[in-house]
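Source file: final_1.pdb. Holds: PDB, C-alpha atoms and all ligand atoms.
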ATOM      1  CA  MET A  11      63.576  55.012 297.276  1.00  0.00           C
ATOM      2  CA  ILE A  12      65.276  56.061 300.496  1.00  0.00           C
ATOM      3  CA  LEU A  13      63.680  54.844 303.715  1.00  0.00           C
ATOM      4  CA  ILE A  14      64.271  54.779 307.444  1.00  0.00           C
ATOM      5  CA  LEU A  15      62.855  52.054 309.697  1.00  0.00           C
ATOM      6  CA  LEU A  16      62.437  53.450 313.165  1.00  0.00           C
ATOM      7  CA  GLY A  17      61.547  51.490 316.274  1.00  0.00           C
ATOM      8  CA  ALA A  18      62.825  50.124 319.564  1.00  0.00           C
ATOM      9  CA  PRO A  19      65.100  47.072 319.467  1.00  0.00           C
ATOM     10  CA  GLY A  20      63.072  43.934 318.846  1.00  0.00           C
ATOM     11  CA  VAL A  21      60.088  45.445 317.022  1.00  0.00           C
ATOM     12  CA  GLY A  22      60.988  43.503 313.874  1.00  0.00           C
ATOM     13  CA  LYS A  23      63.064  46.029 311.923  1.00  0.00           C
ATOM     14  CA  GLY A  24      65.531  43.376 310.752  1.00  0.00           C
ATOM     15  CA  THR A  25      62.820  40.962 309.654  1.00  0.00           C
ATOM     16  CA  GLN A  26      60.772  43.615 307.846  1.00  0.00           C
ATOM     17  CA  SER A  27      63.926  45.014 306.213  1.00  0.00           C
ATOM     18  CA  GLU A  28      64.438  41.680 304.481  1.00  0.00           C
ATOM     19  CA  ASN A  29      60.901  41.868 303.031  1.00  0.00           C
ATOM     20  CA  ILE A  30      61.215  45.501 301.999  1.00  0.00           C
ATOM     21  CA  ILE A  31      64.543  45.197 300.184  1.00  0.00           C
ATOM     22  CA  LYS A  32      63.306  42.196 298.206  1.00  0.00           C
ATOM     23  CA  LYS A  33      60.067  43.860 297.125  1.00  0.00           C
ATOM     24  CA  TYR A  34      61.416  47.325 296.367  1.00  0.00           C
ATOM     25  CA  SER A  35      64.903  46.312 295.086  1.00  0.00           C
ATOM     26  CA  ILE A  36      66.914  48.525 297.413  1.00  0.00           C
ATOM     27  CA  VAL A  37      69.790  47.695 299.753  1.00  0.00           C
ATOM     28  CA  GLN A  38      69.554  47.366 303.511  1.00  0.00           C
ATOM     29  CA  ILE A  39      71.980  49.265 305.690  1.00  0.00           C
ATOM     30  CA  SER A  40      71.920  48.036 309.272  1.00  0.00           C
ATOM     31  CA  THR A  41      74.345  49.944 311.476  1.00  0.00           C
ATOM     32  CA  GLY A  42      74.070  47.146 314.075  1.00  0.00           C
ATOM     33  CA  ASP A  43      75.119  44.519 311.484  1.00  0.00           C
ATOM     34  CA  ILE A  44      78.012  46.666 310.239  1.00  0.00           C
ATOM     35  CA  LEU A  45      79.203  47.234 313.805  1.00  0.00           C
ATOM     36  CA  ARG A  46      78.934  43.543 314.717  1.00  0.00           C
ATOM     37  CA  SER A  47      81.065  42.669 311.706  1.00  0.00           C
ATOM     38  CA  GLU A  48      83.651  45.328 312.695  1.00  0.00           C
ATOM     39  CA  VAL A  49      83.749  43.851 316.208  1.00  0.00           C
ATOM     40  CA  LYS A  50      84.165  40.323 314.820  1.00  0.00           C
ATOM     41  CA  ASN A  51      87.027  41.453 312.577  1.00  0.00           C
ATOM     42  CA  GLU A  52      88.632  43.375 315.458  1.00  0.00           C
ATOM     43  CA  THR A  53      89.020  46.575 313.429  1.00  0.00           C
ATOM     44  CA  ASP A  54      89.783  49.915 315.116  1.00  0.00           C
ATOM     45  CA  LEU A  55      86.113  50.879 314.865  1.00  0.00           C
ATOM     46  CA  GLY A  56      85.086  47.460 316.197  1.00  0.00           C
ATOM     47  CA  LYS A  57      87.370  47.787 319.204  1.00  0.00           C
ATOM     48  CA  LYS A  58      85.946  51.221 320.019  1.00  0.00           C
ATOM     49  CA  ALA A  59      82.315  50.148 319.481  1.00  0.00           C
ATOM     50  CA  LYS A  60      82.434  46.884 321.440  1.00  0.00           C
ATOM     51  CA  GLN A  61      82.416  48.394 324.931  1.00  0.00           C
ATOM     52  CA  PHE A  62      79.253  50.410 324.179  1.00  0.00           C
ATOM     53  CA  MET A  63      77.420  47.599 322.397  1.00  0.00           C
ATOM     54  CA  GLU A  64      77.957  45.091 325.178  1.00  0.00           C
ATOM     55  CA  LYS A  65      76.241  47.382 327.660  1.00  0.00           C
ATOM     56  CA  GLY A  66      73.428  48.291 325.284  1.00  0.00           C
ATOM     57  CA  GLU A  67      74.687  51.898 325.099  1.00  0.00           C
ATOM     58  CA  LEU A  68      74.911  53.893 321.873  1.00  0.00           C
ATOM     59  CA  VAL A  69      78.190  54.051 319.976  1.00  0.00           C
ATOM     60  CA  PRO A  70      79.308  57.724 319.779  1.00  0.00           C
ATOM     61  CA  ASP A  71      77.649  59.781 317.029  1.00  0.00           C
ATOM     62  CA  ASP A  72      80.868  60.823 315.246  1.00  0.00           C
ATOM     63  CA  LEU A  73      81.872  57.183 314.618  1.00  0.00           C
ATOM     64  CA  ILE A  74      78.398  56.255 313.365  1.00  0.00           C
ATOM     65  CA  ILE A  75      78.038  59.293 311.123  1.00  0.00           C
ATOM     66  CA  LYS A  76      81.390  58.619 309.398  1.00  0.00           C
ATOM     67  CA  MET A  77      80.414  54.987 308.931  1.00  0.00           C
ATOM     68  CA  ILE A  78      77.078  55.878 307.299  1.00  0.00           C
ATOM     69  CA  GLU A  79      78.581  58.552 305.082  1.00  0.00           C
ATOM     70  CA  LYS A  80      81.016  55.985 303.705  1.00  0.00           C
ATOM     71  CA  ARG A  81      78.344  53.304 303.278  1.00  0.00           C
ATOM     72  CA  ILE A  82      75.730  55.397 301.437  1.00  0.00           C
ATOM     73  CA  SER A  83      78.410  56.575 299.004  1.00  0.00           C
ATOM     74  CA  GLN A  84      78.960  53.034 297.701  1.00  0.00           C
ATOM     75  CA  PRO A  85      77.657  52.262 294.199  1.00  0.00           C
ATOM     76  CA  ASP A  86      75.076  49.693 295.341  1.00  0.00           C
ATOM     77  CA  CYS A  87      73.102  52.487 297.023  1.00  0.00           C
ATOM     78  CA  ILE A  88      72.386  54.194 293.733  1.00  0.00           C
ATOM     79  CA  ASN A  89      68.873  52.694 293.402  1.00  0.00           C
ATOM     80  CA  GLY A  90      67.972  53.509 296.966  1.00  0.00           C
ATOM     81  CA  PHE A  91      68.507  52.147 300.443  1.00  0.00           C
ATOM     82  CA  LEU A  92      66.777  51.301 303.671  1.00  0.00           C
ATOM     83  CA  LEU A  93      68.319  52.396 306.945  1.00  0.00           C
ATOM     84  CA  ASP A  94      67.745  49.980 309.813  1.00  0.00           C
ATOM     85  CA  GLY A  95      69.011  51.172 313.200  1.00  0.00           C
ATOM     86  CA  PHE A  96      70.093  54.613 312.000  1.00  0.00           C
ATOM     87  CA  PRO A  97      69.583  57.413 312.918  1.00  0.00           C
ATOM     88  CA  ARG A  98      69.296  56.805 316.654  1.00  0.00           C
ATOM     89  CA  THR A  99      69.851  60.344 317.951  1.00  0.00           C
ATOM     90  CA  ILE A 100      68.762  63.830 316.859  1.00  0.00           C
ATOM     91  CA  GLU A 101      72.431  64.577 316.158  1.00  0.00           C
ATOM     92  CA  GLN A 102      72.623  61.627 313.734  1.00  0.00           C
ATOM     93  CA  ALA A 103      69.354  62.658 312.067  1.00  0.00           C
ATOM     94  CA  LYS A 104      70.587  66.216 311.537  1.00  0.00           C
ATOM     95  CA  SER A 105      73.869  64.986 310.061  1.00  0.00           C
ATOM     96  CA  PHE A 106      71.960  62.627 307.789  1.00  0.00           C
ATOM     97  CA  ASP A 107      69.728  65.484 306.569  1.00  0.00           C
ATOM     98  CA  LYS A 108      72.885  67.418 305.724  1.00  0.00           C
ATOM     99  CA  MET A 109      74.431  64.462 303.876  1.00  0.00           C
ATOM    100  CA  MET A 110      71.261  64.018 301.826  1.00  0.00           C
ATOM    101  CA  GLU A 111      71.141  67.687 300.949  1.00  0.00           C
ATOM    102  CA  GLU A 112      74.792  67.687 299.880  1.00  0.00           C
ATOM    103  CA  LYS A 113      74.189  64.650 297.676  1.00  0.00           C
ATOM    104  CA  GLY A 114      70.961  66.136 296.252  1.00  0.00           C
ATOM    105  CA  LEU A 115      68.979  63.150 297.555  1.00  0.00           C
ATOM    106  CA  ASN A 116      65.559  62.986 299.167  1.00  0.00           C
ATOM    107  CA  LEU A 117      64.438  60.864 302.094  1.00  0.00           C
ATOM    108  CA  ASN A 118      61.085  59.406 301.032  1.00  0.00           C
ATOM    109  CA  ARG A 119      59.607  58.015 304.229  1.00  0.00           C
ATOM    110  CA  VAL A 120      60.245  57.049 307.843  1.00  0.00           C
ATOM    111  CA  ILE A 121      58.251  54.086 309.097  1.00  0.00           C
ATOM    112  CA  TYR A 122      57.896  53.823 312.857  1.00  0.00           C
ATOM    113  CA  ILE A 123      57.068  50.319 314.113  1.00  0.00           C
ATOM    114  CA  ASP A 124      55.416  50.390 317.528  1.00  0.00           C
ATOM    115  CA  VAL A 125      55.411  47.484 320.023  1.00  0.00           C
ATOM    116  CA  ALA A 126      54.845  47.550 323.832  1.00  0.00           C
ATOM    117  CA  ASP A 127      57.860  46.999 326.128  1.00  0.00           C
ATOM    118  CA  ASP A 128      56.690  43.669 327.650  1.00  0.00           C
ATOM    119  CA  GLU A 129      56.310  42.144 324.219  1.00  0.00           C
ATOM    120  CA  ILE A 130      59.771  43.448 323.215  1.00  0.00           C
ATOM    121  CA  ILE A 131      61.435  41.862 326.257  1.00  0.00           C
ATOM    122  CA  ASP A 132      59.786  38.545 325.411  1.00  0.00           C
ATOM    123  CA  ARG A 133      60.820  38.779 321.763  1.00  0.00           C
ATOM    124  CA  LEU A 134      64.446  39.695 322.393  1.00  0.00           C
ATOM    125  CA  THR A 135      65.302  37.370 325.253  1.00  0.00           C
ATOM    126  CA  LEU A 136      63.921  34.430 323.230  1.00  0.00           C
ATOM    127  CA  ARG A 137      65.541  35.577 319.969  1.00  0.00           C
ATOM    128  CA  ARG A 138      68.273  33.409 318.474  1.00  0.00           C
ATOM    129  CA  VAL A 139      70.287  34.341 315.394  1.00  0.00           C
ATOM    130  CA  CYS A 140      72.459  32.548 312.876  1.00  0.00           C
ATOM    131  CA  PRO A 141      76.010  33.945 313.074  1.00  0.00           C
ATOM    132  CA  THR A 142      76.701  32.779 309.498  1.00  0.00           C
ATOM    133  CA  CYS A 143      73.733  33.854 307.353  1.00  0.00           C
ATOM    134  CA  GLY A 144      71.975  36.263 309.719  1.00  0.00           C
ATOM    135  CA  ALA A 145      68.640  34.395 309.829  1.00  0.00           C
ATOM    136  CA  ILE A 146      66.517  35.330 312.839  1.00  0.00           C
ATOM    137  CA  TYR A 147      64.511  32.865 314.985  1.00  0.00           C
ATOM    138  CA  HIS A 148      62.319  33.007 318.095  1.00  0.00           C
ATOM    139  CA  LEU A 149      62.297  30.007 320.426  1.00  0.00           C
ATOM    140  CA  LYS A 150      58.510  30.202 320.890  1.00  0.00           C
ATOM    141  CA  ASN A 151      57.096  31.827 317.748  1.00  0.00           C
ATOM    142  CA  LYS A 152      59.571  30.825 315.040  1.00  0.00           C
ATOM    143  CA  PRO A 153      61.754  27.961 316.289  1.00  0.00           C
ATOM    144  CA  PRO A 154      64.258  26.317 313.934  1.00  0.00           C
ATOM    145  CA  LYS A 155      63.204  22.880 312.635  1.00  0.00           C
ATOM    146  CA  GLN A 156      66.159  21.258 314.419  1.00  0.00           C
ATOM    147  CA  ASP A 157      67.017  22.440 317.925  1.00  0.00           C
ATOM    148  CA  MET A 158      69.399  25.466 317.743  1.00  0.00           C
ATOM    149  CA  ILE A 159      70.419  24.740 314.121  1.00  0.00           C
ATOM    150  CA  CYS A 160      69.832  27.242 311.300  1.00  0.00           C
ATOM    151  CA  ASP A 161      67.200  25.994 308.792  1.00  0.00           C
ATOM    152  CA  ILE A 162      68.949  27.828 305.979  1.00  0.00           C
ATOM    153  CA  CYS A 163      72.661  27.115 306.361  1.00  0.00           C
ATOM    154  CA  GLY A 164      72.955  24.524 309.152  1.00  0.00           C
ATOM    155  CA  SER A 165      75.106  26.659 311.480  1.00  0.00           C
ATOM    156  CA  LYS A 166      74.626  26.551 315.244  1.00  0.00           C
ATOM    157  CA  LEU A 167      72.372  29.384 316.403  1.00  0.00           C
ATOM    158  CA  ILE A 168      73.529  31.832 319.062  1.00  0.00           C
ATOM    159  CA  GLN A 169      71.969  34.392 321.395  1.00  0.00           C
ATOM    160  CA  ARG A 170      73.264  37.909 320.722  1.00  0.00           C
ATOM    161  CA  SER A 171      75.302  39.002 323.749  1.00  0.00           C
ATOM    162  CA  ASP A 172      73.087  42.102 324.085  1.00  0.00           C
ATOM    163  CA  ASP A 173      69.821  40.101 324.092  1.00  0.00           C
ATOM    164  CA  THR A 174      70.023  39.244 327.800  1.00  0.00           C
ATOM    165  CA  LYS A 175      67.252  40.637 330.031  1.00  0.00           C
ATOM    166  CA  GLU A 176      69.334  43.331 331.778  1.00  0.00           C
ATOM    167  CA  THR A 177      70.878  44.622 328.547  1.00  0.00           C
ATOM    168  CA  VAL A 178      67.520  44.586 326.761  1.00  0.00           C
ATOM    169  CA  LYS A 179      66.060  46.767 329.543  1.00  0.00           C
ATOM    170  CA  ASN A 180      68.936  49.203 329.135  1.00  0.00           C
ATOM    171  CA  ARG A 181      68.515  49.261 325.335  1.00  0.00           C
ATOM    172  CA  LEU A 182      64.832  50.156 325.830  1.00  0.00           C
ATOM    173  CA  LYS A 183      65.796  52.962 328.209  1.00  0.00           C
ATOM    174  CA  VAL A 184      68.361  54.268 325.714  1.00  0.00           C
ATOM    175  CA  PHE A 185      65.715  54.100 322.962  1.00  0.00           C
ATOM    176  CA  LYS A 186      63.268  56.194 324.990  1.00  0.00           C
ATOM    177  CA  GLU A 187      65.861  58.793 325.897  1.00  0.00           C
ATOM    178  CA  HIS A 188      67.718  59.216 322.618  1.00  0.00           C
ATOM    179  CA  THR A 189      65.768  57.727 319.720  1.00  0.00           C
ATOM    180  CA  LYS A 190      62.095  58.352 320.539  1.00  0.00           C
ATOM    181  CA  PRO A 191      62.464  62.118 319.967  1.00  0.00           C
ATOM    182  CA  LEU A 192      63.043  61.266 316.285  1.00  0.00           C
ATOM    183  CA  ILE A 193      59.341  60.446 315.955  1.00  0.00           C
ATOM    184  CA  GLU A 194      58.485  64.106 316.464  1.00  0.00           C
ATOM    185  CA  TYR A 195      61.483  65.202 314.380  1.00  0.00           C
ATOM    186  CA  TYR A 196      60.257  63.313 311.294  1.00  0.00           C
ATOM    187  CA  ASP A 197      56.607  64.047 311.983  1.00  0.00           C
ATOM    188  CA  LYS A 198      57.459  67.744 311.693  1.00  0.00           C
ATOM    189  CA  GLN A 199      59.111  67.005 308.337  1.00  0.00           C
ATOM    190  CA  GLU A 200      55.845  65.228 307.329  1.00  0.00           C
ATOM    191  CA  LYS A 201      57.797  62.073 306.565  1.00  0.00           C
ATOM    192  CA  LEU A 202      56.517  59.847 309.362  1.00  0.00           C
ATOM    193  CA  SER A 203      54.147  56.884 309.088  1.00  0.00           C
ATOM    194  CA  SER A 204      53.438  54.856 312.248  1.00  0.00           C
ATOM    195  CA  ILE A 205      52.278  51.260 312.287  1.00  0.00           C
ATOM    196  CA  SER A 206      51.697  48.588 314.907  1.00  0.00           C
ATOM    197  CA  GLY A 207      54.353  45.856 314.998  1.00  0.00           C
ATOM    198  CA  LEU A 208      51.941  43.308 316.466  1.00  0.00           C
ATOM    199  CA  GLY A 209      50.719  40.326 314.461  1.00  0.00           C
ATOM    200  CA  THR A 210      52.471  38.009 312.038  1.00  0.00           C
ATOM    201  CA  VAL A 211      55.428  39.051 309.881  1.00  0.00           C
ATOM    202  CA  ASP A 212      53.092  39.082 306.851  1.00  0.00           C
ATOM    203  CA  GLU A 213      50.498  41.218 308.623  1.00  0.00           C
ATOM    204  CA  VAL A 214      53.107  43.820 309.572  1.00  0.00           C
ATOM    205  CA  PHE A 215      54.551  43.745 306.057  1.00  0.00           C
ATOM    206  CA  SER A 216      51.164  44.407 304.496  1.00  0.00           C
ATOM    207  CA  ARG A 217      50.869  47.538 306.676  1.00  0.00           C
ATOM    208  CA  ILE A 218      54.225  48.624 305.246  1.00  0.00           C
ATOM    209  CA  LYS A 219      53.103  47.910 301.675  1.00  0.00           C
ATOM    210  CA  ASP A 220      49.985  50.019 302.277  1.00  0.00           C
ATOM    211  CA  ILE A 221      52.312  52.928 303.008  1.00  0.00           C
ATOM    212  CA  LEU A 222      54.932  52.372 300.301  1.00  0.00           C
ATOM    213  CA  GLY A 223      52.598  51.231 297.553  1.00  0.00           C
ATOM    214  CA  ASN A 224      52.168  47.825 295.991  1.00  0.00           C
ATOM    215  CA  ARG A 225      54.367  48.193 292.963  1.00  0.00           C
TER     216      ARG A 225
HETATM  217  P1  LIG B   1      70.984  46.910 316.672  1.00  0.00           P
HETATM  218  O1  LIG B   1      71.387  45.647 315.991  1.00  0.00           O
HETATM  219  O2  LIG B   1      70.439  47.926 315.704  1.00  0.00           O
HETATM  220  O3  LIG B   1      70.068  46.684 317.846  1.00  0.00           O
HETATM  221  O4  LIG B   1      72.335  47.569 317.255  1.00  0.00           O
HETATM  222  C1  LIG B   1      73.131  46.897 318.214  1.00  0.00           C
HETATM  223  C2  LIG B   1      73.987  47.899 318.967  1.00  0.00           C
HETATM  224  O5  LIG B   1      74.867  48.578 318.049  1.00  0.00           O
HETATM  225  C3  LIG B   1      73.239  49.016 319.664  1.00  0.00           C
HETATM  226  O6  LIG B   1      72.765  48.618 320.948  1.00  0.00           O
HETATM  227  C4  LIG B   1      74.306  50.099 319.755  1.00  0.00           C
HETATM  228  O7  LIG B   1      75.259  49.810 320.760  1.00  0.00           O
HETATM  229  C5  LIG B   1      75.010  49.945 318.416  1.00  0.00           C
HETATM  230  N1  LIG B   1      74.385  50.790 317.348  1.00  0.00           N
HETATM  231  C6  LIG B   1      73.746  50.361 316.224  1.00  0.00           C
HETATM  232  N2  LIG B   1      73.313  51.404 315.485  1.00  0.00           N
HETATM  233  C7  LIG B   1      73.688  52.523 316.153  1.00  0.00           C
HETATM  234  C8  LIG B   1      73.517  53.908 315.917  1.00  0.00           C
HETATM  235  N3  LIG B   1      72.866  54.381 314.832  1.00  0.00           N
HETATM  236  N4  LIG B   1      74.029  54.775 316.833  1.00  0.00           N
HETATM  237  C9  LIG B   1      74.687  54.345 317.924  1.00  0.00           C
HETATM  238  N5  LIG B   1      74.874  53.043 318.213  1.00  0.00           N
HETATM  239  C10 LIG B   1      74.380  52.132 317.344  1.00  0.00           C
END

Go ahead and render the structure in this file as structure tokens.
Amino acid sequence: MILILLGAPGVGKGTQSENIIKKYSIVQISTGDILRSEVKNETDLGKKAKQFMEKGELVPDDLIIKMIEKRISQPDCINGFLLDGFPRTIEQAKSFDKMMEEKGLNLNRVIYIDVADDEIIDRLTLRRVCPTCGAIYHLKNKPPKQDMICDICGSKLIQRSDDTKETVKNRLKVFKEHTKPLIEYYDKQEKLSSISGLGTVDEVFSRIKDILGNR
């Protein structure tokens, strides 16, 4: 199974990815997570990407496309994978189509998760993440049991540097300009399913299961 999760930042792609990969036994590929780890390790790619990420701008297509090509060629992708945060431009989508064709693979479905802007701003500015295990919290809706401490591994939670109000607004603008056109792109390929991202994590996940099948 090869899937794409499409949606503005903060609609719950990361959270739903965790549910999907467990249920359907596929791997998650989050370009944001890969980039953050490259930045942390101060690699060449990380150094180039950092300046764009901090402003909420997109990292240039050629860097992202090379990164994805390398990642989907790894052996753990053989049973399928879920792309979270890629593609984000028509250029990336076209390159991905080409990669899939060359590998003789088929993209099964693109799930678009829709949430209104006001709700997204609230979700992202109050989001806190665990830098060690990646767990995601929300100060109002899903606070950690102990103030700012990860329930799972005990690390101190942080706010992502691009989750501040100004940067979030820019990320939403970038989404509208560059990524939203992908909805039409995949609709034309008859691969698109749209769902609302409102409600509990379980409610949103059951909408996803309705699309992918309850196997
Ligand atoms: P995310 O965690 O998916 O919100 O990504 C965080 C940041 O990484 C984005 O704001 C971009 O700067 C960068 N990024 C992640 N995925 C991509 C992509 N497919 N194309 C360009 N930039 C990306």

Practice problem: Find the residues near region 33-40 of chain A: any atom within 10 Å, counting all atoms listed in the file, skip ones fewer than 3 places away on the same chain, and give them as a ChimeraX atom specification. | Solution: /A:11-15,23-24,27-30,43-46,78,81-82,86-96,219,222-225

Quiz item: Selected by the PyMOL selection byres (((chain A and resi 179) around 12) and not hetatm) in the shown coordinates: which residues, as a list in words?
Solution: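 Expected selection for the PyMOL selection byres (((chain A and resi 179) around 12) and not hetatm) here is Ala18, Pro19, Gly20, Lys65, Gly66, Glu67, Asp127, Asp128, Ile130, Ile131, Asp132, Leu134, Thr135, Asp172, Asp173, Thr174, Lys175, Glu176, Thr177, Val178, Asn180, Arg181, Leu182, Lys183, Val184, Phe185 and Lys186 of chain A.
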
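Residues near the point (61.4, 31.1, 317.4), at a distance of 12 Å or less over all atoms listed in the file, make up A:Asp132, A:Arg133, A:Leu134, A:Thr135, A:Leu136, A:Arg137, A:Arg138, A:Val139, A:Ala145, A:Ile146, A:Tyr147, A:His148, A:Leu149, A:Lys150, A:Asn151, A:Lys152, A:Pro153, A:Pro154, A:Lys155, A:Gln156, A:Asp157, A:Met158, A:Ile159, A:Cys160, A:Asp161, A:Leu167, A:Gln169.
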
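Atom pair CA of Val69 (chain A) / atom C1 of ligand LIG 1 (chain B): separated by 8.9 Å.
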
Exercise. Name the closest residue to Val125 (chain A) among the candidates A:Ser216, A:Gln26, A:Thr41, A:Ser206; distances are taken between atoms, counting all atoms listed in the file.
Key: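 When distances to Val125 (chain A) are compared using all atoms listed in the file, the smallest one comes from A:Ser206.
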
Practice problem: Please provide as a ChimeraX atom specification all residues within 12 Å of Asp197 (chain A), with the sequence filter that same-chain residues fewer than 4 positions apart are discarded (counting all atoms listed in the file). | Solution: /A:119-122,190-193,201-204

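The spacing separating CA of Cys140 (chain A) from CA of Lys166 (chain A) amounts to 6.8 Å.
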
Draw an axis-aligned box tight on the listed atoms of ligand LIG 1 (chain B), then pad every side by 8 Å and write out centre and edge lengths in Å to one decimal as lines of an AutoDock Vina configuration file.
center_x = 72.7
center_y = 50.2
center_z = 317.9
size_x = 21.2
size_y = 25.1
size_z = 22.1

Quiz item: How many Å separate CA of Ala126 (chain A) from CA of Lys104 (chain A)?
Solution: 27.3 Å

How would region 157-175 of chain A look with N, CA and C atoms restored, written as a PDB file, in the coordinates of the input?
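And here is the file that came out, selection15.pdb:
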ATOM      1  N   ASP A 157      66.673  21.629 316.766  1.00  0.00           N
ATOM      2  CA  ASP A 157      67.017  22.440 317.925  1.00  0.00           C
ATOM      3  C   ASP A 157      68.328  23.230 317.738  1.00  0.00           C
ATOM      4  N   MET A 158      68.241  24.560 317.783  1.00  0.00           N
ATOM      5  CA  MET A 158      69.399  25.466 317.743  1.00  0.00           C
ATOM      6  C   MET A 158      70.264  25.359 316.475  1.00  0.00           C
ATOM      7  N   ILE A 159      69.680  24.830 315.388  1.00  0.00           N
ATOM      8  CA  ILE A 159      70.419  24.740 314.121  1.00  0.00           C
ATOM      9  C   ILE A 159      69.681  25.571 313.073  1.00  0.00           C
ATOM     10  N   CYS A 160      70.453  26.379 312.306  1.00  0.00           N
ATOM     11  CA  CYS A 160      69.832  27.242 311.300  1.00  0.00           C
ATOM     12  C   CYS A 160      69.202  26.421 310.175  1.00  0.00           C
ATOM     13  N   ASP A 161      67.912  26.701 309.871  1.00  0.00           N
ATOM     14  CA  ASP A 161      67.200  25.994 308.792  1.00  0.00           C
ATOM     15  C   ASP A 161      67.862  26.239 307.452  1.00  0.00           C
ATOM     16  N   ILE A 162      68.447  27.432 307.295  1.00  0.00           N
ATOM     17  CA  ILE A 162      68.949  27.828 305.979  1.00  0.00           C
ATOM     18  C   ILE A 162      70.352  27.294 305.703  1.00  0.00           C
ATOM     19  N   CYS A 163      71.271  27.484 306.678  1.00  0.00           N
ATOM     20  CA  CYS A 163      72.661  27.115 306.361  1.00  0.00           C
ATOM     21  C   CYS A 163      73.247  26.058 307.298  1.00  0.00           C
ATOM     22  N   GLY A 164      72.475  25.624 308.298  1.00  0.00           N
ATOM     23  CA  GLY A 164      72.955  24.524 309.152  1.00  0.00           C
ATOM     24  C   GLY A 164      73.915  24.928 310.261  1.00  0.00           C
ATOM     25  N   SER A 165      74.192  26.236 310.400  1.00  0.00           N
ATOM     26  CA  SER A 165      75.106  26.659 311.480  1.00  0.00           C
ATOM     27  C   SER A 165      74.401  26.583 312.838  1.00  0.00           C
ATOM     28  N   LYS A 166      75.211  26.575 313.902  1.00  0.00           N
ATOM     29  CA  LYS A 166      74.626  26.551 315.244  1.00  0.00           C
ATOM     30  C   LYS A 166      74.158  27.960 315.604  1.00  0.00           C
ATOM     31  N   LEU A 167      72.921  28.063 316.076  1.00  0.00           N
ATOM     32  CA  LEU A 167      72.372  29.384 316.403  1.00  0.00           C
ATOM     33  C   LEU A 167      72.979  29.904 317.700  1.00  0.00           C
ATOM     34  N   ILE A 168      73.012  31.234 317.829  1.00  0.00           N
ATOM     35  CA  ILE A 168      73.529  31.832 319.062  1.00  0.00           C
ATOM     36  C   ILE A 168      72.529  32.882 319.589  1.00  0.00           C
ATOM     37  N   GLN A 169      72.714  33.247 320.859  1.00  0.00           N
ATOM     38  CA  GLN A 169      71.969  34.392 321.395  1.00  0.00           C
ATOM     39  C   GLN A 169      72.900  35.590 321.307  1.00  0.00           C
ATOM     40  N   ARG A 170      72.433  36.699 320.765  1.00  0.00           N
ATOM     41  CA  ARG A 170      73.264  37.909 320.722  1.00  0.00           C
ATOM     42  C   ARG A 170      73.625  38.298 322.154  1.00  0.00           C
ATOM     43  N   SER A 171      74.876  38.736 322.365  1.00  0.00           N
ATOM     44  CA  SER A 171      75.302  39.002 323.749  1.00  0.00           C
ATOM     45  C   SER A 171      74.517  40.164 324.357  1.00  0.00           C
ATOM     46  N   ASP A 172      73.878  41.001 323.520  1.00  0.00           N
ATOM     47  CA  ASP A 172      73.087  42.102 324.085  1.00  0.00           C
ATOM     48  C   ASP A 172      71.592  41.775 324.151  1.00  0.00           C
ATOM     49  N   ASP A 173      71.230  40.505 323.983  1.00  0.00           N
ATOM     50  CA  ASP A 173      69.821  40.101 324.092  1.00  0.00           C
ATOM     51  C   ASP A 173      69.489  39.516 325.465  1.00  0.00           C
ATOM     52  N   THR A 174      70.349  39.713 326.455  1.00  0.00           N
ATOM     53  CA  THR A 174      70.023  39.244 327.800  1.00  0.00           C
ATOM     54  C   THR A 174      69.080  40.259 328.450  1.00  0.00           C
ATOM     55  N   LYS A 175      68.324  39.806 329.483  1.00  0.00           N
ATOM     56  CA  LYS A 175      67.252  40.637 330.031  1.00  0.00           C
ATOM     57  C   LYS A 175      67.740  42.029 330.489  1.00  0.00           C
TER      58      LYS A 175
END
